[in-house]
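The data block below is start28.csv; it holds CSV, C-alpha atoms and all ligand atoms.
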```csv
chain,number,residue,atom,x,y,z
A,1,MET,CA,90.5,130.7,26.7
A,2,ALA,CA,93.4,132.9,27.6
A,3,ASP,CA,96.8,131.2,27.7
A,4,SER,CA,97.2,132.0,31.4
A,5,MET,CA,93.9,130.1,32.1
A,6,GLU,CA,95.1,127.0,30.2
A,7,GLU,CA,97.4,126.0,33.1
A,8,TRP,CA,94.3,125.6,35.2
A,9,LEU,CA,92.8,123.0,33.0
A,10,ALA,CA,93.1,119.3,33.8
A,11,ASP,CA,92.2,116.3,31.6
A,12,SER,CA,89.3,114.6,33.4
A,13,ASN,CA,90.2,111.1,32.1
A,14,GLU,CA,93.7,111.4,33.6
A,15,ALA,CA,92.7,113.2,36.7
A,16,LEU,CA,90.2,110.6,37.7
A,17,THR,CA,91.7,107.3,39.0
A,18,LEU,CA,89.5,104.3,39.8
A,19,GLN,CA,90.5,101.4,42.1
A,20,LEU,CA,88.9,98.2,43.2
A,21,VAL,CA,90.0,97.5,46.8
A,22,ARG,CA,90.1,94.2,48.6
A,23,ALA,CA,90.7,93.4,52.2
A,24,PRO,CA,94.4,93.0,53.1
A,25,GLU,CA,94.1,89.2,53.5
A,26,ASP,CA,92.7,88.9,50.0
A,27,GLU,CA,95.4,91.1,48.6
A,28,ALA,CA,98.0,89.0,50.3
A,29,ALA,CA,96.5,85.9,48.7
A,30,LEU,CA,96.9,87.5,45.3
A,31,LEU,CA,100.5,88.6,45.9
A,32,GLY,CA,101.2,85.0,47.0
A,33,GLU,CA,100.4,83.9,43.5
A,34,ASP,CA,102.9,86.3,42.0
A,35,MET,CA,100.2,88.6,40.7
A,36,GLN,CA,99.7,92.3,41.4
A,37,VAL,CA,96.7,93.4,43.4
A,38,VAL,CA,94.1,94.8,41.1
A,39,ALA,CA,95.9,97.8,39.6
A,40,PRO,CA,94.3,101.3,39.6
A,41,PHE,CA,92.9,102.3,36.2
A,42,HIS,CA,91.5,105.4,34.4
A,43,PRO,CA,88.2,105.9,32.7
A,44,THR,CA,88.0,105.9,28.9
A,45,PHE,CA,85.3,108.5,28.8
A,46,THR,CA,84.3,111.3,31.2
A,47,TYR,CA,82.4,113.6,28.9
A,48,PRO,CA,79.0,112.6,30.3
A,49,ILE,CA,80.2,113.9,33.6
A,50,PHE,CA,82.7,116.7,33.0
A,51,GLY,CA,81.5,117.8,29.5
A,52,GLU,CA,82.4,117.1,25.9
A,53,HIS,CA,86.0,118.4,26.2
A,54,GLU,CA,86.7,116.2,29.2
A,55,LYS,CA,88.4,119.0,31.1
A,56,ILE,CA,88.2,120.2,34.7
A,57,PHE,CA,88.9,123.9,35.3
A,58,GLY,CA,90.5,125.6,38.2
A,59,TYR,CA,93.1,123.2,39.6
A,60,LYS,CA,96.8,122.4,39.3
A,61,GLY,CA,98.1,118.9,40.2
A,62,LEU,CA,94.5,117.6,40.3
A,63,ASP,CA,94.1,114.0,41.6
A,64,ILE,CA,90.6,112.5,42.0
A,65,GLN,CA,90.5,109.1,43.6
A,66,LEU,CA,87.3,107.1,43.4
A,67,HIS,CA,87.8,103.7,45.1
A,68,PHE,CA,85.3,100.8,45.2
A,69,ALA,CA,85.1,98.0,47.7
A,70,SER,CA,85.7,95.2,45.2
A,71,GLY,CA,82.5,93.2,46.0
A,72,SER,CA,79.8,95.6,47.2
A,73,LEU,CA,81.2,98.5,45.1
A,74,LYS,CA,80.7,100.9,48.0
A,75,GLN,CA,82.7,104.0,47.3
A,76,TYR,CA,85.4,106.3,48.7
A,77,LEU,CA,86.1,109.7,47.2
A,78,SER,CA,89.1,111.8,47.7
A,79,ILE,CA,89.9,115.0,45.7
A,80,ASN,CA,93.4,116.4,46.0
A,81,TYR,CA,95.3,119.2,44.2
A,82,ASP,CA,98.4,121.3,44.6
A,83,GLU,CA,96.6,124.6,43.9
A,84,MET,CA,93.0,125.8,43.4
A,85,LEU,CA,92.1,129.0,41.5
A,86,GLU,CA,90.6,131.5,43.8
A,87,SER,CA,88.6,133.8,41.5
A,88,GLU,CA,85.1,135.1,41.6
A,89,ALA,CA,84.9,135.8,37.9
A,90,THR,CA,86.1,132.3,36.9
A,91,PRO,CA,85.5,130.0,39.8
A,92,ALA,CA,87.0,126.5,39.9
A,93,ASP,CA,84.7,123.7,38.8
A,94,ASP,CA,82.8,122.0,41.7
A,95,ILE,CA,84.1,118.5,41.2
A,96,GLU,CA,82.4,116.7,44.1
A,97,GLY,CA,79.1,118.5,43.3
A,98,THR,CA,79.4,117.3,39.7
A,99,LEU,CA,80.2,113.7,40.6
A,100,TYR,CA,77.4,113.7,43.2
A,101,ASN,CA,74.9,113.7,40.3
A,102,PHE,CA,76.3,110.4,39.1
A,103,ILE,CA,77.2,108.3,42.1
A,104,PRO,CA,75.0,107.2,45.1
A,105,PRO,CA,75.2,109.7,47.9
A,106,ASP,CA,76.4,107.2,50.5
A,107,TYR,CA,80.1,107.4,49.5
A,108,THR,CA,82.6,108.1,52.2
A,109,LYS,CA,85.5,110.5,52.3
A,110,SER,CA,87.0,108.8,55.3
A,111,GLU,CA,89.8,106.3,54.7
A,112,LEU,CA,89.1,104.6,58.0
A,113,ALA,CA,85.4,104.2,57.3
A,114,PHE,CA,86.2,102.8,53.8
A,115,ALA,CA,88.7,100.3,55.2
A,116,LYS,CA,85.9,99.1,57.5
A,117,LEU,CA,83.6,98.7,54.5
A,118,VAL,CA,86.2,96.7,52.6
A,119,GLU,CA,86.7,94.4,55.5
A,120,ALA,CA,83.0,94.0,55.9
A,121,ASP,CA,82.8,93.0,52.3
A,122,ALA,CA,85.3,90.2,52.8
A,123,THR,CA,83.1,88.5,55.4
A,124,GLY,CA,79.6,89.7,54.4
A,125,PHE,CA,79.3,90.4,50.7
A,126,ARG,CA,77.7,87.9,48.5
A,127,PRO,CA,76.5,88.5,44.9
A,128,LEU,CA,72.8,89.2,44.6
A,129,GLY,CA,70.4,87.2,42.5
A,130,GLU,CA,70.4,83.6,41.1
A,131,LYS,CA,73.7,81.9,40.1
A,132,ILE,CA,73.4,80.9,36.5
A,133,GLY,CA,76.9,79.9,35.6
A,134,SER,CA,80.5,79.4,36.7
A,135,SER,CA,83.9,78.7,35.3
A,136,VAL,CA,87.1,77.5,37.0
A,137,ARG,CA,90.4,78.9,35.7
A,138,ALA,CA,94.0,78.7,36.6
A,139,ALA,CA,95.2,81.7,38.5
A,140,ALA,CA,96.7,84.5,36.4
A,141,THR,CA,100.3,85.6,36.9
A,142,ALA,CA,101.8,89.1,36.8
A,143,LYS,CA,104.2,88.1,34.0
A,144,GLY,CA,101.5,86.6,31.8
A,145,LYS,CA,99.4,89.8,32.1
A,146,GLY,CA,96.5,87.9,33.4
A,147,LYS,CA,96.9,85.1,30.8
A,148,ALA,CA,95.3,81.9,32.1
A,149,LYS,CA,97.4,78.8,32.3
A,150,GLY,CA,96.4,75.7,30.5
A,151,LYS,CA,94.4,75.5,27.3
A,152,GLY,CA,91.1,77.0,26.4
A,153,LYS,CA,89.9,80.6,26.8
A,154,GLY,CA,87.1,81.4,29.2
A,155,LYS,CA,86.4,77.7,29.6
A,156,ASP,CA,87.0,75.3,32.4
A,157,GLU,CA,90.6,74.3,32.2
A,158,SER,CA,92.9,71.4,32.8
A,159,ASN,CA,95.0,71.0,35.9
A,160,GLY,CA,98.0,69.9,33.9
A,161,ASP,CA,97.2,66.2,34.3
A,162,GLY,CA,94.5,66.3,31.7
A,163,GLU,CA,91.7,66.5,34.4
A,164,ALA,CA,89.3,69.4,34.5
A,165,LEU,CA,90.5,72.0,37.0
A,166,SER,CA,88.3,71.9,40.1
A,167,GLU,CA,87.4,74.7,42.5
A,168,ASP,CA,89.5,73.0,45.2
A,169,ASP,CA,92.8,72.8,43.1
A,170,GLU,CA,95.6,75.0,44.2
A,171,GLY,CA,95.7,78.2,42.3
A,172,ALA,CA,92.2,77.7,40.9
A,173,VAL,CA,90.1,80.8,40.6
A,174,VAL,CA,86.3,80.5,40.2
A,175,TYR,CA,84.2,83.0,38.2
A,176,GLU,CA,80.5,83.0,38.9
A,177,MET,CA,77.6,84.8,37.2
A,178,TYR,CA,74.4,85.9,38.8
A,179,LYS,CA,71.1,87.0,37.3
A,180,ALA,CA,69.2,89.8,38.9
A,181,THR,CA,66.3,92.1,38.2
A,182,TRP,CA,64.9,95.1,40.0
A,183,SER,CA,62.9,92.7,42.2
A,184,THR,CA,66.1,91.0,43.5
A,185,PRO,CA,66.4,92.3,47.1
A,186,GLY,CA,69.1,95.0,47.3
A,187,PHE,CA,69.9,94.9,43.6
A,188,LYS,CA,68.6,98.4,42.8
A,189,GLU,CA,71.1,99.9,45.3
A,190,TYR,CA,73.8,97.6,43.9
A,191,HIS,CA,73.1,98.7,40.4
A,192,ARG,CA,73.3,102.4,41.4
A,193,ARG,CA,76.9,101.7,42.4
A,194,MET,CA,77.9,99.7,39.3
A,195,GLN,CA,76.2,101.8,36.6
A,196,LEU,CA,78.9,104.4,36.7
A,197,TYR,CA,81.1,102.0,34.7
A,198,ILE,CA,78.7,102.4,31.8
A,199,LEU,CA,79.4,106.1,31.5
A,200,LEU,CA,83.1,105.7,32.0
A,201,PHE,CA,83.7,102.8,29.6
A,202,ILE,CA,81.0,102.6,26.9
A,203,GLU,CA,80.9,105.3,24.3
A,204,GLY,CA,77.4,106.8,24.2
A,205,GLY,CA,76.5,104.8,27.3
A,206,SER,CA,73.8,106.2,29.5
A,207,TYR,CA,72.0,105.1,32.7
A,208,VAL,CA,69.0,102.9,32.3
A,209,HIS,CA,65.6,104.0,33.8
A,210,GLU,CA,64.7,102.3,37.0
A,211,ASP,CA,61.0,102.8,36.1
A,212,GLU,CA,61.4,100.4,33.1
A,213,ASP,CA,60.7,97.4,35.1
A,214,ALA,CA,61.7,94.5,32.8
A,215,TRP,CA,65.5,95.0,32.9
A,216,GLU,CA,67.6,91.9,33.5
A,217,PHE,CA,71.2,91.9,34.6
A,218,ILE,CA,74.0,89.3,34.7
A,219,THR,CA,76.9,90.2,37.0
A,220,LEU,CA,80.3,88.4,36.9
A,221,PHE,CA,82.4,87.9,40.0
A,222,GLU,CA,85.8,86.4,40.8
A,223,LYS,CA,85.4,84.2,43.8
A,224,ARG,CA,88.4,83.5,46.0
A,225,LYS,CA,89.0,81.5,49.2
A,226,ARG,CA,90.5,83.5,52.0
A,227,PRO,CA,93.8,82.0,53.0
A,228,GLY,CA,93.4,79.5,55.9
A,229,SER,CA,89.6,79.8,55.7
A,230,ASP,CA,86.7,78.2,53.9
A,231,VAL,CA,85.0,81.5,53.5
A,232,ALA,CA,84.9,82.8,49.9
A,233,THR,CA,85.2,86.4,48.9
A,234,TYR,CA,83.6,87.9,45.8
A,235,HIS,CA,85.1,90.6,43.5
A,236,PHE,CA,83.2,92.4,40.8
A,237,VAL,CA,84.5,91.9,37.3
A,238,GLY,CA,81.7,93.2,34.9
A,239,TYR,CA,78.1,92.9,33.9
A,240,VAL,CA,75.6,92.8,31.1
A,241,SER,CA,72.1,94.3,30.9
A,242,VAL,CA,69.4,93.1,28.6
A,243,TYR,CA,65.8,94.2,28.0
A,244,PRO,CA,62.9,92.1,26.7
A,245,PHE,CA,60.7,93.4,23.8
A,246,TRP,CA,57.6,91.7,22.6
A,247,CYS,CA,58.2,89.5,19.6
A,248,TYR,CA,55.3,88.4,17.4
A,249,PRO,CA,53.2,86.4,18.2
A,250,ASP,CA,54.0,85.3,21.8
A,251,GLN,CA,57.7,85.5,22.6
A,252,VAL,CA,60.2,88.1,23.5
A,253,ARG,CA,63.3,89.4,21.8
A,254,LEU,CA,66.1,90.1,24.3
A,255,ARG,CA,68.1,93.1,23.5
A,256,LEU,CA,71.6,93.3,24.9
A,257,SER,CA,72.0,96.9,25.9
A,258,GLN,CA,75.2,97.3,28.0
A,259,PHE,CA,78.2,95.1,28.4
A,260,VAL,CA,81.3,95.9,30.3
A,261,ILE,CA,84.3,94.1,31.7
A,262,LEU,CA,86.4,96.3,33.9
A,263,PRO,CA,89.9,97.2,32.5
A,264,PRO,CA,92.0,95.1,35.0
A,265,TYR,CA,90.0,92.0,33.9
A,266,GLN,CA,90.0,92.7,30.1
A,267,GLN,CA,91.8,90.4,27.5
A,268,GLN,CA,91.5,87.4,29.8
A,269,GLY,CA,88.4,85.7,28.3
A,270,HIS,CA,86.0,87.1,30.8
A,271,GLY,CA,83.9,88.9,28.2
A,272,SER,CA,83.6,85.7,26.3
A,273,LEU,CA,82.6,83.9,29.4
A,274,LEU,CA,79.9,86.4,30.3
A,275,TYR,CA,78.6,86.5,26.7
A,276,SER,CA,78.5,82.7,26.2
A,277,THR,CA,76.7,82.3,29.6
A,278,LEU,CA,74.1,84.9,28.6
A,279,PHE,CA,73.7,83.1,25.2
A,280,ALA,CA,73.3,79.7,26.9
A,281,HIS,CA,70.7,81.3,29.2
A,282,VAL,CA,68.8,82.6,26.2
A,283,ILE,CA,68.9,79.3,24.4
A,284,GLY,CA,67.4,77.7,27.6
A,285,ARG,CA,64.4,80.1,27.8
A,286,PRO,CA,61.5,79.0,25.6
A,287,GLU,CA,59.9,82.4,25.7
A,288,VAL,CA,62.9,84.1,24.2
A,289,ALA,CA,62.9,84.1,20.3
A,290,GLU,CA,66.3,85.8,19.8
A,291,LEU,CA,69.1,87.8,21.2
A,292,THR,CA,69.8,91.2,19.6
A,293,VAL,CA,72.4,93.8,20.4
A,294,GLU,CA,71.9,97.5,20.7
A,295,ASP,CA,74.5,99.6,18.9
A,296,PRO,CA,77.5,97.3,19.5
A,297,ALA,CA,81.0,98.8,19.9
A,298,GLU,CA,83.6,97.3,17.5
A,299,ALA,CA,85.5,95.4,20.3
A,300,PHE,CA,82.2,93.9,21.4
A,301,GLU,CA,81.2,92.9,17.8
A,302,ASP,CA,84.5,91.1,17.6
A,303,LEU,CA,83.8,89.2,20.8
A,304,ARG,CA,80.2,88.4,19.7
A,305,ASP,CA,81.4,87.1,16.3
A,306,ARG,CA,84.1,84.9,17.8
A,307,ASN,CA,81.7,83.4,20.3
A,308,ASP,CA,78.7,82.9,17.9
A,309,LEU,CA,81.0,81.3,15.4
A,310,ARG,CA,82.5,78.9,18.0
A,311,TYR,CA,79.0,78.1,19.1
A,312,LEU,CA,77.7,77.4,15.6
A,313,VAL,CA,80.7,75.3,14.8
A,314,ALA,CA,80.2,73.3,18.0
A,315,GLN,CA,76.6,72.8,17.0
A,316,GLY,CA,77.8,71.3,13.7
A,317,VAL,CA,76.2,74.0,11.6
A,318,PRO,CA,78.8,74.2,8.8
A,319,GLU,CA,79.0,70.4,8.6
A,320,ASP,CA,75.3,70.4,7.8
A,321,PRO,CA,75.3,68.9,4.2
A,322,SER,CA,72.6,71.3,3.2
A,323,PHE,CA,74.7,74.3,4.1
A,324,LEU,CA,76.4,74.6,0.7
A,325,ASP,CA,73.4,73.4,-1.3
A,326,GLY,CA,72.4,76.1,-3.7
A,327,VAL,CA,75.3,78.4,-2.9
A,328,GLY,CA,76.3,80.0,-6.1
A,329,ALA,CA,73.8,77.8,-8.0
A,330,GLY,CA,71.0,80.3,-8.0
A,331,THR,CA,68.6,78.1,-5.9
A,332,ARG,CA,67.9,80.5,-3.1
A,333,GLY,CA,64.7,78.8,-2.0
A,334,PRO,CA,65.9,75.7,-0.1
A,335,ARG,CA,68.9,77.5,1.4
A,336,ALA,CA,66.7,80.4,2.6
A,337,LYS,CA,64.4,77.9,4.3
A,338,TRP,CA,67.4,76.1,5.9
A,339,GLU,CA,68.8,79.4,7.1
A,340,ALA,CA,65.6,80.5,8.6
A,341,ALA,CA,65.2,77.2,10.5
A,342,VAL,CA,68.8,77.2,11.8
A,343,ARG,CA,68.6,80.9,12.8
A,344,LYS,CA,65.4,80.4,14.7
A,345,LYS,CA,66.7,77.3,16.4
A,346,HIS,CA,69.9,79.1,17.6
A,347,LYS,CA,68.1,82.4,18.4
A,348,ILE,CA,70.6,84.5,16.5
A,349,ALA,CA,69.3,87.9,15.2
A,350,GLY,CA,68.9,88.1,11.4
A,351,ARG,CA,71.7,90.4,10.3
A,352,GLN,CA,74.1,88.8,12.7
A,353,PHE,CA,73.2,85.3,11.4
A,354,ASP,CA,73.9,86.5,7.8
A,355,ARG,CA,77.3,87.8,8.8
A,356,LEU,CA,78.1,84.5,10.5
A,357,LEU,CA,77.1,82.5,7.5
A,358,GLU,CA,79.4,84.6,5.4
A,359,MET,CA,82.2,83.9,7.8
A,360,LEU,CA,81.5,80.2,7.9
A,361,LEU,CA,81.4,80.1,4.1
A,362,LEU,CA,84.7,81.8,3.8
A,363,ARG,CA,86.1,79.3,6.4
A,364,GLN,CA,84.9,76.4,4.3
A,365,LEU,CA,86.3,77.8,1.1
A,366,ASP,CA,89.7,78.4,2.7
B,401,LIG,N1,94.8,85.7,27.6
B,401,LIG,C1,95.0,86.6,26.7
B,401,LIG,N2,94.1,87.1,25.8
B,401,LIG,C2,92.9,86.5,25.8
B,401,LIG,C3,92.6,85.5,26.8
B,401,LIG,C4,93.6,85.1,27.7
B,401,LIG,N3,93.3,84.1,28.6
B,401,LIG,N4,91.3,85.2,26.5
B,401,LIG,C5,90.9,86.0,25.6
B,401,LIG,N5,91.8,86.8,25.1
B,401,LIG,C6,91.8,87.7,24.0
B,401,LIG,C7,90.8,87.3,23.0
B,401,LIG,O1,91.3,86.4,22.0
B,401,LIG,C8,90.4,88.7,22.4
B,401,LIG,O2,91.5,89.0,21.5
B,401,LIG,P1,91.2,89.9,20.2
B,401,LIG,O3,90.5,91.2,20.7
B,401,LIG,O4,92.5,90.1,19.6
B,401,LIG,O5,90.3,89.1,19.3
B,401,LIG,C9,90.5,89.6,23.6
B,401,LIG,O6,91.2,88.9,24.6
B,401,LIG,C10,89.1,90.0,24.1
B,401,LIG,O7,88.3,88.9,24.5
B,401,LIG,P2,87.8,88.7,26.0
B,401,LIG,O8,89.0,88.7,26.9
B,401,LIG,O9,86.9,87.6,26.0
B,401,LIG,O10,87.0,90.0,26.1
B,401,LIG,P3,87.2,91.1,27.3
B,401,LIG,O11,86.9,90.5,28.6
B,401,LIG,O12,88.4,91.9,27.1
B,401,LIG,O13,85.9,92.0,27.0
B,401,LIG,C11,84.9,94.0,26.0
B,401,LIG,C12,85.7,92.7,25.8
B,401,LIG,C13,83.6,93.7,26.6
B,401,LIG,C14,84.7,94.8,24.7
B,401,LIG,C15,85.7,94.9,27.1
B,401,LIG,O14,86.9,95.3,26.5
B,401,LIG,C16,85.0,96.1,27.6
B,401,LIG,O15,84.2,96.0,28.5
B,401,LIG,N6,85.3,97.3,26.9
B,401,LIG,C17,84.8,98.6,27.4
B,401,LIG,C18,83.3,98.7,27.3
B,401,LIG,C19,82.7,98.3,25.9
B,401,LIG,O16,83.2,98.7,24.9
B,401,LIG,N7,81.7,97.5,26.0
B,401,LIG,C20,80.9,97.1,24.8
B,401,LIG,C21,80.0,98.1,24.4
B,401,LIG,S1,78.8,97.6,23.2
B,401,LIG,C22,77.5,97.2,24.1
B,401,LIG,O17,77.4,97.4,25.2
B,401,LIG,C23,76.3,96.7,23.3
```

Take the structure in the file and write it out as structure tokens.
Amino acid sequence: MADSMEEWLADSNEALTLQLVRAPEDEAALLGEDMQVVAPFHPTFTYPIFGEHEKIFGYKGLDIQLHFASGSLKQYLSINYDEMLESEATPADDIEGTLYNFIPPDYTKSELAFAKLVEADATGFRPLGEKIGSSVRAAATAKGKGKAKGKGKGKDESNGDGEALSEDDEGAVVYEMYKATWSTPGFKEYHRRMQLYILLFIEGGSYVHEDEDAWEFITLFEKRKRPGSDVATYHFVGYVSVYPFWCYPDQVRLRLSQFVILPPYQQQGHGSLLYSTLFAHVIGRPEVAELTVEDPAEAFEDLRDRNDLRYLVAQGVPEDPSFLDGVGAGTRGPRAKWEAAVRKKHKIAGRQFDRLLEMLLLRQLD
């Protein structure tokens, strides 16, 4: 491209800003706890939308704002720039037309209409599906970059007097998880609004097919009480999708396909909470033989290892006296049988279980 044209190129990851927007009362409640309202953030990837070079042509000072009502994820789009290239030979990229292929068509471009949607969320939005888990945590602070107070990560915490933190304690924030499928009323539409995060944050991520009818989803929400009111508001944090495959002879293997926690909520234990809730859900379903993961990203592998290890240790697996039997002694038989039985009981996929045993072994040798 000629040098003179370069100045019309914008980095699409930088040009696109995402924001989760809450009603003013909900924002005021957060600020009252010395924490910033949920800060704007940028996508990690935009190549599925704007092409492999992640560039947008034809604008100077380009600023694309895509805002989501924090619960319903209804969207507001605003495209601004200082200058647009007027050229028939090399026309500027059609940004809205491009985005239109990836977001539901009911987004608004009116600030006023969006403000009304956000306010409607506060009183009317509830997560869809069946609640399958919750966790109460101490409110985060701006200084602690969202670090939870008290001990434990992603677990119910103490209120400082040694008692478990309850939903009604001051400063408590509740996180709830909901399971949904395509047959959950309204969920298909909801999923069309949240699936954009898969393209923007998972490398190689793509949309799932709505005609594959067995998809299952678990969504994670932050639940807050509105100040001076008993009404709770719900704010989207992330989600996981899984697909069941037949597993000989009469069970299913659940394959985790997509897992995302939105950037403002990362590094606070929410990923662990969502994963461990999914795992507990799997353990509780007799028809599920095991949980496998499709093409895990490194950061996710890390999260999975930490949680699986914590789980196995809590189950007393390394303390099992037969664990070290035969290790290094050349008697594979009994150990292999033990491994197969333990693996099956805990529904962990084969390769992952071998990795975990290696890690447990190293831990014991330490
Ligand atoms: N305060 C500070 N740090 C904490 C806290 C806390 N309260 N709780 C946990 N952490 C730390 C953990 O120790 C961990 O640290 P480490 O990475 O140094 O080991 C780190 O935070 C991450 O743990 P979580 O907070 O539980 O995980 P998070 O919520 O950040 O989610 C995830 C991780 C899912 C990878 C997220 O970063 C994400 O969505 N990334 C983008 C999308 C992606 O890559 N998804 C996975 C694709 S693979 C697939 O889909 C199959």

If we count all atoms listed in the file and set the cut-off at 12 Å, which residues sit around stretch 39-45 of chain A, ignoring sequence neighbours fewer than 2 positions away in its own chain? Please answer as a PDB file with C-alpha atoms, in the coordinates of the input.
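See out.pdb below for the written result:
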```
ATOM      1  CA  ASP A  11      92.200 116.300  31.600  1.00  0.00           C
ATOM      2  CA  SER A  12      89.300 114.600  33.400  1.00  0.00           C
ATOM      3  CA  ASN A  13      90.200 111.100  32.100  1.00  0.00           C
ATOM      4  CA  GLU A  14      93.700 111.400  33.600  1.00  0.00           C
ATOM      5  CA  ALA A  15      92.700 113.200  36.700  1.00  0.00           C
ATOM      6  CA  LEU A  16      90.200 110.600  37.700  1.00  0.00           C
ATOM      7  CA  THR A  17      91.700 107.300  39.000  1.00  0.00           C
ATOM      8  CA  LEU A  18      89.500 104.300  39.800  1.00  0.00           C
ATOM      9  CA  GLN A  19      90.500 101.400  42.100  1.00  0.00           C
ATOM     10  CA  LEU A  20      88.900  98.200  43.200  1.00  0.00           C
ATOM     11  CA  VAL A  21      90.000  97.500  46.800  1.00  0.00           C
ATOM     12  CA  ARG A  22      90.100  94.200  48.600  1.00  0.00           C
ATOM     13  CA  GLU A  27      95.400  91.100  48.600  1.00  0.00           C
ATOM     14  CA  LEU A  30      96.900  87.500  45.300  1.00  0.00           C
ATOM     15  CA  MET A  35     100.200  88.600  40.700  1.00  0.00           C
ATOM     16  CA  GLN A  36      99.700  92.300  41.400  1.00  0.00           C
ATOM     17  CA  VAL A  37      96.700  93.400  43.400  1.00  0.00           C
ATOM     18  CA  TYR A  47      82.400 113.600  28.900  1.00  0.00           C
ATOM     19  CA  PRO A  48      79.000 112.600  30.300  1.00  0.00           C
ATOM     20  CA  ILE A  49      80.200 113.900  33.600  1.00  0.00           C
ATOM     21  CA  PHE A  50      82.700 116.700  33.000  1.00  0.00           C
ATOM     22  CA  GLY A  51      81.500 117.800  29.500  1.00  0.00           C
ATOM     23  CA  GLU A  52      82.400 117.100  25.900  1.00  0.00           C
ATOM     24  CA  HIS A  53      86.000 118.400  26.200  1.00  0.00           C
ATOM     25  CA  GLU A  54      86.700 116.200  29.200  1.00  0.00           C
ATOM     26  CA  LYS A  55      88.400 119.000  31.100  1.00  0.00           C
ATOM     27  CA  ASP A  63      94.100 114.000  41.600  1.00  0.00           C
ATOM     28  CA  ILE A  64      90.600 112.500  42.000  1.00  0.00           C
ATOM     29  CA  GLN A  65      90.500 109.100  43.600  1.00  0.00           C
ATOM     30  CA  LEU A  66      87.300 107.100  43.400  1.00  0.00           C
ATOM     31  CA  HIS A  67      87.800 103.700  45.100  1.00  0.00           C
ATOM     32  CA  PHE A  68      85.300 100.800  45.200  1.00  0.00           C
ATOM     33  CA  SER A  70      85.700  95.200  45.200  1.00  0.00           C
ATOM     34  CA  ALA A 142     101.800  89.100  36.800  1.00  0.00           C
ATOM     35  CA  LYS A 145      99.400  89.800  32.100  1.00  0.00           C
ATOM     36  CA  GLY A 146      96.500  87.900  33.400  1.00  0.00           C
ATOM     37  CA  LEU A 196      78.900 104.400  36.700  1.00  0.00           C
ATOM     38  CA  TYR A 197      81.100 102.000  34.700  1.00  0.00           C
ATOM     39  CA  ILE A 198      78.700 102.400  31.800  1.00  0.00           C
ATOM     40  CA  LEU A 199      79.400 106.100  31.500  1.00  0.00           C
ATOM     41  CA  LEU A 200      83.100 105.700  32.000  1.00  0.00           C
ATOM     42  CA  PHE A 201      83.700 102.800  29.600  1.00  0.00           C
ATOM     43  CA  ILE A 202      81.000 102.600  26.900  1.00  0.00           C
ATOM     44  CA  GLU A 203      80.900 105.300  24.300  1.00  0.00           C
ATOM     45  CA  GLY A 204      77.400 106.800  24.200  1.00  0.00           C
ATOM     46  CA  GLY A 205      76.500 104.800  27.300  1.00  0.00           C
ATOM     47  CA  SER A 206      73.800 106.200  29.500  1.00  0.00           C
ATOM     48  CA  LEU A 262      86.400  96.300  33.900  1.00  0.00           C
ATOM     49  CA  PRO A 263      89.900  97.200  32.500  1.00  0.00           C
ATOM     50  CA  PRO A 264      92.000  95.100  35.000  1.00  0.00           C
ATOM     51  CA  TYR A 265      90.000  92.000  33.900  1.00  0.00           C
ATOM     52  CA  GLN A 266      90.000  92.700  30.100  1.00  0.00           C
TER      53      GLN A 266
END
```

Applying 7 Å and all atoms listed in the file, which residues near stretch 209-213 of chain A remain after dropping the ones on its own chain fewer than 2 positions away? List them as a PDB file with C-alpha atoms, in the frame of the given file.
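And here is the file that came out, around-v9.pdb:
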```
ATOM      1  CA  TRP A 182      64.900  95.100  40.000  1.00  0.00           C
ATOM      2  CA  TYR A 207      72.000 105.100  32.700  1.00  0.00           C
ATOM      3  CA  TRP A 215      65.500  95.000  32.900  1.00  0.00           C
TER       4      TRP A 215
END
```

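Relative to atom CA of A:Thr98, atom CA of A:Leu77 is found at 12.6 Å.
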
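Coordinates place atom CA of A:Gly124 at a distance of 8.5 Å from atom CA of A:Thr233.
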
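From atom CA of A:Leu99 back to atom CA of A:Glu222, the distance works out to 27.9 Å.
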
Selection: 12 Å around A:Ala349, all atoms listed in the file, excl. self and same-chain fewer than 6 positions, as a compact mmCIF listing (two decimals) with C-alpha atoms, keeping the file's coordinate frame:
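Final file, selection-v1.txt:
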```
# COMPACT_ATOMS: atom_id res chain seq x y z
CA ARG A 253 63.30 89.40 21.80
CA LEU A 254 66.10 90.10 24.30
CA ARG A 255 68.10 93.10 23.50
CA LEU A 256 71.60 93.30 24.90
CA PHE A 279 73.70 83.10 25.20
CA VAL A 288 62.90 84.10 24.20
CA ALA A 289 62.90 84.10 20.30
CA GLU A 290 66.30 85.80 19.80
CA LEU A 291 69.10 87.80 21.20
CA THR A 292 69.80 91.20 19.60
CA VAL A 293 72.40 93.80 20.40
CA GLU A 294 71.90 97.50 20.70
CA ARG A 304 80.20 88.40 19.70
CA ASP A 308 78.70 82.90 17.90
CA GLU A 339 68.80 79.40 7.10
CA ALA A 340 65.60 80.50 8.60
CA VAL A 342 68.80 77.20 11.80
CA ARG A 343 68.60 80.90 12.80
CA ARG A 355 77.30 87.80 8.80
CA LEU A 356 78.10 84.50 10.50
```
